[in-house]
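Trainee: Here it is, the structure in full.
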2 protein chains.
Amino acid sequence: MNFPSKLIEEAVNEISRLPGIGKKTALRLALHLLKQKENVTEELTKSLLSLRKDIKYCGICHNISDSDVCSICAGKRRERGIICVVEDIPDVLAIENTSQYNGLYHVLGGVISPIQGIGPDDLKIESLINRIAQSPENEKVKEVILALPATMEGDTTSFFITRRLKEFGIKVSTIARGIPVGGELEYTDEVTLGRSILTRVNYSAE
Amino acid sequence: MNFPSKLIEEAVNEISRLPGIGKKTALRLALHLLKQKENVTEELTKSLLSLRKDIKYCGICHNISDSDVCSICAGKRRERGIICVVEDIPDVLAIENTSQYNGLYHVLGGVISPIQGIGPDDLKIESLINRIAQSPENEKVKEVILALPATMEGDTTSFFITRRLKEFGIKVSTIARGIPVGGELEYTDEVTLGRSILTRVNYSAE
């Protein structure tokens, strides 16, 4: 694409470095900003800069936070005996939005992936172990829920964490895989459908 | 959505004000920036701010430009007798990318739309008339190509401009509507197919 102006070319190049945004979308966004008042662009850039510069990460669960301990870890009504281990920050938001979980979290910051060169030491696994080992007597961790992706990498990470947690003798569970609520049997992939039969839930006991 | 941090909430709100970007995409973009080095965000915001503050518009064709006259209007090899009238800046880029047009442009900045309260005076129509009226003898405008959208508003604008140009006795044309190259007859909508028959091109004379 040939641009009539160096300024718009640079802006389009910068915007299109964002994931999932191509040159055409970038141009549309740039032209949109040009049509708005100057303060729209100013507020957008200000919020991006202050996000990048002032964001903090919770020292306990590694979720993003405005202070050194996030609002979930500091929450008084949270069940402190359960820790849900997730790959990344959006997963915390997704689970929080269900309103079905009242425990704490632990954000690994990724999953073990030898291909991408990500080993256990690159993730917050040691931090999870320490957290459980050092939990005070009245807030002992009783259960760790592994909510990692159902991929090779996710399963490897789950396996690795499960083995590391053995010494503590606490319950380790993983979120249920199966047919989504409202999903139709005939359109479900075989792996999911197969797993949902193998891990069937006892109806009478529920 | 509940955010664990005010900073990320503000950034997501600002990003999702952009057209076509919802809260989820905004969050993904914000988290992407957090994972990158700080200078990625700095360069992005710098380019957006300088785009918004330093951009100029060509005094002749109203295209965006780095100087007071854009590179197309200042181009020495351009055919100065033909003006292609377009709705907005992306249309100029689209036509330029075809490499099939060597004339000049005129960016209206929109089309006449009574519903949205856009009248002829809100567009650069008077500027087009003046431009044609004041064109020097050796660069007389011979033809105006209307490349406006094939909508009610676009057609109204085309009609309005055609009437205003009558006094100059110059050729007024519009870009061809028809079946896209590579398009299949059976999947083309009736209006387009009907128009492509009515405005058929004489094969023997081509």
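Each chain in the structure tokens gets a letter, A, B and so on, in the order shown; residues start at 1 in every chain, and ligands are counted from 1 in the order they appear.
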What are the nearest atom pairs, with distances in Å to one decimal, for all residues of chain B that come at most 6 Å from chain A, using only C-alpha atoms, set out by chain and rising residue number as CSV?

Mentor:
```
residue,atom,partner,partner_atom,distance
B:Pro4,CA,A:Ser65,CA,5.8
B:Ser5,CA,A:Ser65,CA,4.9
B:Leu7,CA,A:Leu51,CA,5.3
B:Ala11,CA,A:Ser47,CA,5.1
B:Glu14,CA,A:Leu44,CA,5.3
B:Leu34,CA,A:Arg52,CA,5.8
B:Leu44,CA,A:Glu14,CA,5.3
B:Thr45,CA,A:Thr45,CA,5.0
B:Ser47,CA,A:Ala11,CA,5.1
B:Leu48,CA,A:Ala11,CA,5.7
B:Leu51,CA,A:Leu7,CA,5.2
B:Arg52,CA,A:Leu34,CA,5.8
B:Ser65,CA,A:Ser5,CA,4.9
B:Asp66,CA,A:Ser5,CA,5.2
```

Trainee: Going by DSSP on the backbone, which bits of range 17-165 of chain B are helix (DSSP H, G or I)? Write them as a PyMOL selection string, please.

Mentor: chain B and resi 23-35+38-54+71-74+89-98+120-122+125-133+137-139+152-165

Trainee: For CA of Leu146 in chain B and CA of Ile82 in chain B, quote the distance in Å rounded to one decimal.

Mentor: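 Computed distance, CA of Leu146 in chain B to CA of Ile82 in chain B, equals 10.8 Å.
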
Trainee: Smallest atom-to-atom distance to Val107 in chain A: which of A:Leu185, A:Cys58, A:Ala74, A:Pro120, using only C-alpha atoms?

Mentor: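 Of all the options, A:Cys58 lies closest to Val107 in chain A.
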
Trainee: I need the residues of chain B that end up classed as strand (DSSP E) by DSSP on the backbone, written out as a list in words.

Mentor: Lys56, Tyr57, Ile64, Ser65, Ile82, Ile83, Cys84, Val85, Val86, Leu104, Tyr105, His106, Val107, Glu143, Val144, Ile145, Leu146, Ala147, Lys171, Val172, Ser173 and Thr174 of chain B

Trainee: So, counting only C-alpha atoms, which residue among B:Gly75, B:Thr188, B:Arg164, B:Thr156 is closest to Gly119 in chain B?

Mentor: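 Ranked by minimum distance to Gly119 in chain B, first place goes to B:Thr156.
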
Trainee: Measure the distance from CA of Cys84 in chain A to CA of Tyr105 in chain A in Å and round it to one decimal.

Mentor: 4.6 Å

Trainee: One decimal, Å: what's the distance from CA of Glu79 in chain B over to CA of Ala147 in chain B, could you say?

Mentor: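 About the pair CA of Glu79 in chain B and CA of Ala147 in chain B: they are 17.2 Å apart.
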
Trainee: May I ask which of the residues B:Lys142, B:Phe168, B:Glu87, B:Leu193 is the closest one to Pro180 in chain B, counting only C-alpha atoms?

Mentor: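 Nearest to Pro180 in chain B: B:Leu193.
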